[in-house]
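Visitor: If it helps, the file is called my_file-v6.pdb and holds PDB, C-alpha atoms and all ligand atoms:
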```pdb
ATOM      1  CA  MET A   1       9.272 -12.078 -19.479  1.00  0.00           C
ATOM      2  CA  SER A   2      10.280  -8.517 -20.170  1.00  0.00           C
ATOM      3  CA  SER A   3      11.510  -6.690 -17.105  1.00  0.00           C
ATOM      4  CA  LYS A   4       9.803  -3.507 -18.220  1.00  0.00           C
ATOM      5  CA  HIS A   5       6.373  -5.123 -18.378  1.00  0.00           C
ATOM      6  CA  PRO A   6       6.467  -7.961 -15.867  1.00  0.00           C
ATOM      7  CA  PHE A   7       2.713  -7.942 -15.248  1.00  0.00           C
ATOM      8  CA  VAL A   8       1.499  -8.757 -18.748  1.00  0.00           C
ATOM      9  CA  ILE A   9      -0.686 -11.774 -19.499  1.00  0.00           C
ATOM     10  CA  GLY A  10      -1.506 -13.101 -22.923  1.00  0.00           C
ATOM     11  CA  ILE A  11      -5.232 -13.569 -23.435  1.00  0.00           C
ATOM     12  CA  THR A  12      -5.443 -14.905 -26.995  1.00  0.00           C
ATOM     13  CA  ARG A  13      -6.816 -18.204 -25.717  1.00  0.00           C
ATOM     14  CA  LEU A  14      -9.400 -16.469 -23.522  1.00  0.00           C
ATOM     15  CA  ARG A  15     -10.711 -14.299 -26.313  1.00  0.00           C
ATOM     16  CA  LYS A  16     -11.198 -17.332 -28.532  1.00  0.00           C
ATOM     17  CA  ALA A  17     -13.104 -19.292 -25.917  1.00  0.00           C
ATOM     18  CA  PRO A  18     -15.574 -17.299 -23.806  1.00  0.00           C
ATOM     19  CA  GLY A  19     -15.961 -18.784 -20.344  1.00  0.00           C
ATOM     20  CA  SER A  20     -12.433 -20.128 -20.234  1.00  0.00           C
ATOM     21  CA  VAL A  21      -9.991 -19.456 -17.429  1.00  0.00           C
ATOM     22  CA  VAL A  22      -6.229 -18.944 -17.446  1.00  0.00           C
ATOM     23  CA  ARG A  23      -4.096 -19.149 -14.291  1.00  0.00           C
ATOM     24  CA  PHE A  24      -1.101 -16.892 -13.934  1.00  0.00           C
ATOM     25  CA  GLU A  25       1.747 -16.239 -11.520  1.00  0.00           C
ATOM     26  CA  LEU A  26       3.782 -13.119 -12.112  1.00  0.00           C
ATOM     27  CA  LEU A  27       6.720 -11.572 -10.309  1.00  0.00           C
ATOM     28  CA  GLY A  28       7.983  -8.068 -10.905  1.00  0.00           C
ATOM     29  CA  ARG A  29       9.042  -4.767  -9.435  1.00  0.00           C
ATOM     30  CA  ILE A  30       7.578  -1.284  -9.675  1.00  0.00           C
ATOM     31  CA  SER A  31       9.380   1.975  -8.961  1.00  0.00           C
ATOM     32  CA  ASP A  32       7.848   4.955  -7.200  1.00  0.00           C
ATOM     33  CA  LEU A  33       5.313   3.084  -5.078  1.00  0.00           C
ATOM     34  CA  LYS A  34       4.858   5.227  -2.009  1.00  0.00           C
ATOM     35  CA  VAL A  35       2.573   7.205   0.253  1.00  0.00           C
ATOM     36  CA  ALA A  36       3.575   9.751   2.912  1.00  0.00           C
ATOM     37  CA  ALA A  37       5.356   7.468   5.394  1.00  0.00           C
ATOM     38  CA  SER A  38       5.605   4.045   3.744  1.00  0.00           C
ATOM     39  CA  ARG A  39       6.657   2.536   0.446  1.00  0.00           C
ATOM     40  CA  VAL A  40       7.375  -0.616  -1.529  1.00  0.00           C
ATOM     41  CA  SER A  41      11.036  -0.298  -2.500  1.00  0.00           C
ATOM     42  CA  GLU A  42      11.832  -0.555  -6.181  1.00  0.00           C
ATOM     43  CA  ASP A  43      13.991  -3.642  -5.546  1.00  0.00           C
ATOM     44  CA  GLU A  44      11.206  -5.427  -3.669  1.00  0.00           C
ATOM     45  CA  ASP A  45       9.509  -8.316  -5.469  1.00  0.00           C
ATOM     46  CA  ILE A  46       5.786  -8.043  -6.046  1.00  0.00           C
ATOM     47  CA  ALA A  47       3.982 -11.344  -6.677  1.00  0.00           C
ATOM     48  CA  VAL A  48       0.658 -11.388  -8.479  1.00  0.00           C
ATOM     49  CA  ALA A  49      -1.098 -14.753  -8.746  1.00  0.00           C
ATOM     50  CA  GLY A  50      -4.605 -15.591  -9.799  1.00  0.00           C
ATOM     51  CA  THR A  51      -6.907 -16.228 -12.699  1.00  0.00           C
ATOM     52  CA  ALA A  52      -8.083 -14.417 -15.806  1.00  0.00           C
ATOM     53  CA  GLU A  53     -11.560 -15.368 -16.911  1.00  0.00           C
ATOM     54  CA  SER A  54     -13.292 -14.532 -20.137  1.00  0.00           C
ATOM     55  CA  VAL A  55     -16.656 -13.066 -19.079  1.00  0.00           C
ATOM     56  CA  HIS A  56     -19.402 -11.010 -20.685  1.00  0.00           C
ATOM     57  CA  GLY A  57     -18.018  -7.516 -21.084  1.00  0.00           C
ATOM     58  CA  GLY A  58     -14.337  -8.332 -20.776  1.00  0.00           C
ATOM     59  CA  ILE A  59     -11.727 -10.227 -18.845  1.00  0.00           C
ATOM     60  CA  LEU A  60     -12.225 -10.692 -15.111  1.00  0.00           C
ATOM     61  CA  ILE A  61      -9.014 -10.756 -13.099  1.00  0.00           C
ATOM     62  CA  THR A  62      -9.150 -12.364  -9.658  1.00  0.00           C
ATOM     63  CA  ALA A  63      -5.773 -12.270  -7.963  1.00  0.00           C
ATOM     64  CA  THR A  64      -3.716 -11.876  -4.836  1.00  0.00           C
ATOM     65  CA  ILE A  65      -0.942  -9.285  -4.737  1.00  0.00           C
ATOM     66  CA  SER A  66       1.821  -9.989  -2.188  1.00  0.00           C
ATOM     67  CA  THR A  67       4.785  -7.838  -1.303  1.00  0.00           C
ATOM     68  CA  ARG A  68       6.590  -6.115   1.587  1.00  0.00           C
ATOM     69  CA  TRP A  69       6.511  -2.469   2.571  1.00  0.00           C
ATOM     70  CA  ASN A  70       8.883  -0.390   4.665  1.00  0.00           C
ATOM     71  CA  GLY A  71       8.620   2.997   6.269  1.00  0.00           C
ATOM     72  CA  GLU A  72       9.255   5.083   9.364  1.00  0.00           C
ATOM     73  CA  CYS A  73       7.387   4.401  12.592  1.00  0.00           C
ATOM     74  CA  ARG A  74       5.133   7.375  13.255  1.00  0.00           C
ATOM     75  CA  ARG A  75       5.768   7.118  16.994  1.00  0.00           C
ATOM     76  CA  CYS A  76       9.531   6.522  17.318  1.00  0.00           C
ATOM     77  CA  LEU A  77      10.779   7.248  13.762  1.00  0.00           C
ATOM     78  CA  GLU A  78      12.683   3.941  13.648  1.00  0.00           C
ATOM     79  CA  PRO A  79      12.289   1.713  10.571  1.00  0.00           C
ATOM     80  CA  ALA A  80       8.991  -0.120  10.260  1.00  0.00           C
ATOM     81  CA  PHE A  81       8.261  -3.140   8.035  1.00  0.00           C
ATOM     82  CA  GLY A  82       5.280  -5.169   7.063  1.00  0.00           C
ATOM     83  CA  GLU A  83       3.677  -7.404   4.497  1.00  0.00           C
ATOM     84  CA  LEU A  84       0.842  -6.726   2.143  1.00  0.00           C
ATOM     85  CA  GLU A  85      -1.498  -9.361   0.848  1.00  0.00           C
ATOM     86  CA  ILE A  86      -4.237  -7.829  -1.229  1.00  0.00           C
ATOM     87  CA  SER A  87      -7.133  -9.640  -2.866  1.00  0.00           C
ATOM     88  CA  VAL A  88      -8.344  -8.018  -6.054  1.00  0.00           C
ATOM     89  CA  ARG A  89     -11.170  -8.606  -8.478  1.00  0.00           C
ATOM     90  CA  GLU A  90     -11.173  -6.231 -11.442  1.00  0.00           C
ATOM     91  CA  LEU A  91     -12.780  -6.191 -14.856  1.00  0.00           C
ATOM     92  CA  PHE A  92     -10.679  -5.315 -17.886  1.00  0.00           C
ATOM     93  CA  GLU A  93     -12.664  -3.966 -20.831  1.00  0.00           C
ATOM     94  CA  ARG A  94     -11.512  -4.021 -24.385  1.00  0.00           C
ATOM     95  CA  ALA A  95     -10.718  -0.538 -25.680  1.00  0.00           C
ATOM     96  CA  GLU A  96     -10.274   0.221 -29.366  1.00  0.00           C
ATOM     97  CA  PRO A  97      -6.749   1.440 -30.094  1.00  0.00           C
ATOM     98  CA  GLY A  98      -6.645   5.226 -29.970  1.00  0.00           C
ATOM     99  CA  SER A  99     -10.026   5.563 -28.273  1.00  0.00           C
ATOM    100  CA  THR A 100     -10.311   7.481 -25.030  1.00  0.00           C
ATOM    101  CA  PRO A 101     -11.172   5.183 -22.146  1.00  0.00           C
ATOM    102  CA  SER A 102     -14.923   5.432 -21.448  1.00  0.00           C
ATOM    103  CA  SER A 103     -14.167   5.060 -17.844  1.00  0.00           C
ATOM    104  CA  GLU A 104     -15.690   6.189 -14.601  1.00  0.00           C
ATOM    105  CA  GLY A 105     -12.721   4.354 -13.196  1.00  0.00           C
ATOM    106  CA  ASP A 106     -14.424   1.095 -12.290  1.00  0.00           C
ATOM    107  CA  THR A 107     -12.790  -0.960 -15.027  1.00  0.00           C
ATOM    108  CA  TYR A 108      -9.364  -1.043 -16.673  1.00  0.00           C
ATOM    109  CA  PRO A 109      -8.875  -0.891 -20.435  1.00  0.00           C
ATOM    110  CA  TYR A 110      -6.899  -3.343 -22.545  1.00  0.00           C
ATOM    111  CA  THR A 111      -6.124  -3.571 -26.214  1.00  0.00           C
ATOM    112  CA  GLY A 112      -5.049  -6.452 -28.405  1.00  0.00           C
ATOM    113  CA  ASP A 113      -4.223  -9.862 -27.011  1.00  0.00           C
ATOM    114  CA  PHE A 114      -2.525  -8.752 -23.818  1.00  0.00           C
ATOM    115  CA  ILE A 115      -3.556  -7.368 -20.448  1.00  0.00           C
ATOM    116  CA  ASP A 116      -1.035  -5.325 -18.502  1.00  0.00           C
ATOM    117  CA  LEU A 117      -1.888  -5.568 -14.811  1.00  0.00           C
ATOM    118  CA  GLN A 118       0.699  -3.003 -13.722  1.00  0.00           C
ATOM    119  CA  ASP A 119      -1.694  -0.049 -13.255  1.00  0.00           C
ATOM    120  CA  MET A 120      -4.069  -2.213 -11.246  1.00  0.00           C
ATOM    121  CA  VAL A 121      -1.239  -3.559  -9.080  1.00  0.00           C
ATOM    122  CA  LYS A 122       0.028  -0.029  -8.490  1.00  0.00           C
ATOM    123  CA  ASP A 123      -3.428   1.342  -7.583  1.00  0.00           C
ATOM    124  CA  GLN A 124      -4.094  -1.490  -5.150  1.00  0.00           C
ATOM    125  CA  ILE A 125      -0.760  -1.227  -3.369  1.00  0.00           C
ATOM    126  CA  VAL A 126      -0.998   2.549  -2.966  1.00  0.00           C
ATOM    127  CA  LEU A 127      -4.457   2.077  -1.412  1.00  0.00           C
ATOM    128  CA  GLU A 128      -3.141  -0.486   1.065  1.00  0.00           C
ATOM    129  CA  LEU A 129       0.152   1.100   2.125  1.00  0.00           C
ATOM    130  CA  PRO A 130      -0.116   2.217   5.775  1.00  0.00           C
ATOM    131  CA  LEU A 131      -0.466   5.996   6.168  1.00  0.00           C
ATOM    132  CA  ALA A 132       0.683   5.833   9.777  1.00  0.00           C
ATOM    133  CA  PRO A 133       3.024   2.840  10.075  1.00  0.00           C
ATOM    134  CA  VAL A 134       4.268   1.657  13.456  1.00  0.00           C
ATOM    135  CA  CYS A 135       7.356  -0.493  14.099  1.00  0.00           C
ATOM    136  CA  LYS A 136       5.327  -2.639  16.496  1.00  0.00           C
ATOM    137  CA  ALA A 137       1.789  -2.433  17.832  1.00  0.00           C
ATOM    138  CA  ASP A 138       2.912  -1.389  21.325  1.00  0.00           C
ATOM    139  CA  CYS A 139       5.659   1.032  20.293  1.00  0.00           C
ATOM    140  CA  LYS A 140       6.034   3.532  23.145  1.00  0.00           C
ATOM    141  CA  GLY A 141       7.287   6.329  20.910  1.00  0.00           C
ATOM    142  CA  LEU A 142       9.483   9.266  21.825  1.00  0.00           C
ATOM    143  CA  CYS A 143       9.262  11.328  25.006  1.00  0.00           C
ATOM    144  CA  PRO A 144       7.518  14.601  24.100  1.00  0.00           C
ATOM    145  CA  SER A 145       9.845  16.551  26.426  1.00  0.00           C
ATOM    146  CA  CYS A 146      13.336  15.147  25.825  1.00  0.00           C
ATOM    147  CA  GLY A 147      12.895  13.102  22.629  1.00  0.00           C
ATOM    148  CA  ALA A 148      14.292   9.897  24.123  1.00  0.00           C
ATOM    149  CA  ASP A 149      13.137   6.597  22.594  1.00  0.00           C
ATOM    150  CA  LEU A 150      10.883   5.233  25.349  1.00  0.00           C
ATOM    151  CA  ASN A 151      11.207   1.693  23.922  1.00  0.00           C
ATOM    152  CA  LEU A 152      14.749   1.699  25.322  1.00  0.00           C
ATOM    153  CA  GLY A 153      13.518   2.508  28.833  1.00  0.00           C
ATOM    154  CA  PRO A 154      12.162   5.433  30.844  1.00  0.00           C
ATOM    155  CA  CYS A 155      13.908   8.736  30.195  1.00  0.00           C
ATOM    156  CA  GLY A 156      13.625  10.282  33.653  1.00  0.00           C
ATOM    157  CA  CYS A 157      11.311  13.087  32.643  1.00  0.00           C
ATOM    158  CA  GLU A 158       8.353  13.634  34.918  1.00  0.00           C
ATOM    159  CA  LYS A 159       5.633  11.244  33.853  1.00  0.00           C
ATOM    160  CA  THR A 160       2.549  13.320  34.603  1.00  0.00           C
ATOM    161  CA  THR A 161       2.002  15.959  31.975  1.00  0.00           C
ATOM    162  CA  LYS A 162       0.668  19.009  33.752  1.00  0.00           C
ATOM    163  CA  ASP A 163      -2.386  20.778  32.554  1.00  0.00           C
ATOM    164  CA  PRO A 164      -1.029  24.197  31.492  1.00  0.00           C
ATOM    165  CA  ARG A 165      -3.899  25.957  33.313  1.00  0.00           C
ATOM    166  CA  TRP A 166      -2.601  24.688  36.637  1.00  0.00           C
ATOM    167  CA  SER A 167       0.917  25.980  36.033  1.00  0.00           C
ATOM    168  CA  VAL A 168      -0.459  29.527  36.301  1.00  0.00           C
ATOM    169  CA  LEU A 169      -1.721  28.654  39.767  1.00  0.00           C
ATOM    170  CA  ASP A 170       1.715  27.232  40.572  1.00  0.00           C
ATOM    171  CA  VAL A 171       3.250  30.586  39.720  1.00  0.00           C
ATOM    172  CA  LEU A 172       0.691  32.413  41.877  1.00  0.00           C
ATOM    173  CA  ALA A 173       1.367  30.022  44.742  1.00  0.00           C
ATOM    174  CA  GLU A 174       5.089  30.743  44.403  1.00  0.00           C
ATOM    175  CA  LYS A 175       4.401  34.507  44.685  1.00  0.00           C
ATOM    176  CA  ASP A 176       2.215  34.089  47.730  1.00  0.00           C
ATOM    177  CA  ARG A 177       4.976  32.377  49.592  1.00  0.00           C
TER     178      ARG A 177
HETATM  179 ZN    ZN B   1       8.178   2.734  16.831  1.00  0.00          ZN
HETATM  180 ZN    ZN B   2      11.943  12.505  28.474  1.00  0.00          ZN
END
```
Here is a file; write its structure as structure tokens.
Ligand SMILES: [Zn+2]
Ligand SMILES: [Zn+2]
Guide:
Amino acid sequence: MSSKHPFVIGITRLRKAPGSVVRFELLGRISDLKVAASRVSEDEDIAVAGTAESVHGGILITATISTRWNGECRRCLEPAFGELEISVRELFERAEPGSTPSSEGDTYPYTGDFIDLQDMVKDQIVLELPLAPVCKADCKGLCPSCGADLNLGPCGCEKTTKDPRWSVLDVLAEKDR
């Protein structure tokens, strides 16, 4: 297994026997997998396991992609972690070498006797990475007034946020006194 192309499967057997199925289990890493507030680190293993099936029109890949993401909690800014388990079903179509992919983007091209799943794996993970990660479902976040981490306990700021319109009346009331 080459470390530069860990997500390659050989399909010589499939191309010779339409209807046949090959199982695969791959493990690799991909750099630069991130969205705004979460990412899959480049030293994080990504497992891709499933089947490649020779079907009319190409090779059908049915697989599960598993890995772990990390990021910053959108509420308290502490580290957040989670797991991804993504089911995929994608058709790979044979492209002649040098031809421009016909694509409206609903299939992936392959040439020769190999399929490189890396682009598919990348696309799927980017789609599934959380845009607004939280460290835990009930994270209390930071106090909007003093910035204290409310998960560590109450900060002492007044709990009721005043409607700004009423503060004008407060000022008037002060003057009247
Ligand atoms: Zn948090
Ligand atoms: Zn506070």
Visitor: Draw an axis-aligned box tight on the listed atoms of range 80-98 of chain A, then pad every side by 5 Å and write out centre and edge lengths in Å to one decimal as lines of an AutoDock Vina configuration file.
Guide:
```
center_x = -1.9
center_y = -2.2
center_z = -9.9
size_x = 31.8
size_y = 24.9
size_z = 50.4
```
Visitor: Hey, can you check how far CA of Cys146 in chain A sits from CA of Glu78 in chain A?
Guide: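 Going from CA of Cys146 in chain A over to CA of Glu78 in chain A, I get 16.6 Å.
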Visitor: Please indicate the distance in Å from CA of Ala52 in chain A to CA of Phe24 in chain A, rounded to one decimal place.
Guide: 7.6 Å
Visitor: Kindly provide, as a VMD selection string, all nucleotide and amino acid residues lying within 10 Å of ligand ZN 2 (chain B), counting all atoms listed in the file.
Guide: chain A and resid 142 to 150 154 to 159
Visitor: Could you pull out the residues sitting within 7 Å of ligand ZN 1 (chain B), using all atoms listed in the file, and write them as a list in words?
Guide: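 Sorted by chain and then by number, the residues are Cys73, Arg74, Arg75, Cys76, Leu77, Glu78, Val134, Cys135, Lys136, Cys139, Lys140 and Gly141 of chain A.
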Visitor: Between A:Gln124, A:Ile59, A:Thr64, A:Asp138, which residue has the minimum interatomic distance to Thr107 in chain A, considering all atoms listed in the file?
Guide: A:Ile59
Visitor: Rounded to one decimal, what separation in Å do you get between CA of Leu152 in chain A and CA of Ser38 in chain A?
Guide: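 Interatomic distance, CA of Leu152 in chain A to CA of Ser38 in chain A: 23.6 Å.
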Visitor: Just want the 12 Å neighbourhood of Arg13 in chain A, counted on only C-alpha atoms, with same-chain residues fewer than 2 positions away dropped. Output as a compact mmCIF listing (two decimals) with C-alpha atoms, keeping the file's coordinate frame.
Guide:
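After the write, result.txt holds the following:
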```txt
# COMPACT_ATOMS: atom_id res chain seq x y z
CA ILE A 9 -0.69 -11.77 -19.50
CA GLY A 10 -1.51 -13.10 -22.92
CA ILE A 11 -5.23 -13.57 -23.44
CA ARG A 15 -10.71 -14.30 -26.31
CA LYS A 16 -11.20 -17.33 -28.53
CA ALA A 17 -13.10 -19.29 -25.92
CA PRO A 18 -15.57 -17.30 -23.81
CA GLY A 19 -15.96 -18.78 -20.34
CA SER A 20 -12.43 -20.13 -20.23
CA VAL A 21 -9.99 -19.46 -17.43
CA VAL A 22 -6.23 -18.94 -17.45
CA ARG A 23 -4.10 -19.15 -14.29
CA ALA A 52 -8.08 -14.42 -15.81
CA GLU A 53 -11.56 -15.37 -16.91
CA SER A 54 -13.29 -14.53 -20.14
CA ILE A 59 -11.73 -10.23 -18.84
CA ASP A 113 -4.22 -9.86 -27.01
CA PHE A 114 -2.52 -8.75 -23.82
```
Visitor: Which is closest to Glu90 in chain A among A:Pro133, A:Gly50, A:Gly71, A:Gly112, if we use all atoms listed in the file?
Guide: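 Answer, going by the shortest atom-to-atom distance: A:Gly50.
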Visitor: Run the PyMOL selection byres (((chain A and resi 69) around 7) and not hetatm) against the file shown and list the residues it catches, as a list in words.
Guide: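 Checked against the file, the PyMOL selection byres (((chain A and resi 69) around 7) and not hetatm) matches Ser38, Arg39, Val40, Thr67, Arg68, Asn70, Gly71, Phe81, Gly82 and Glu83 of chain A.
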Visitor: Between A:Leu131, A:Lys4, A:Phe92, A:Gly153, which has the minimum distance to Ala80 in chain A (counting all atoms listed in the file)?
Guide: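 Nearest to Ala80 in chain A: A:Leu131.
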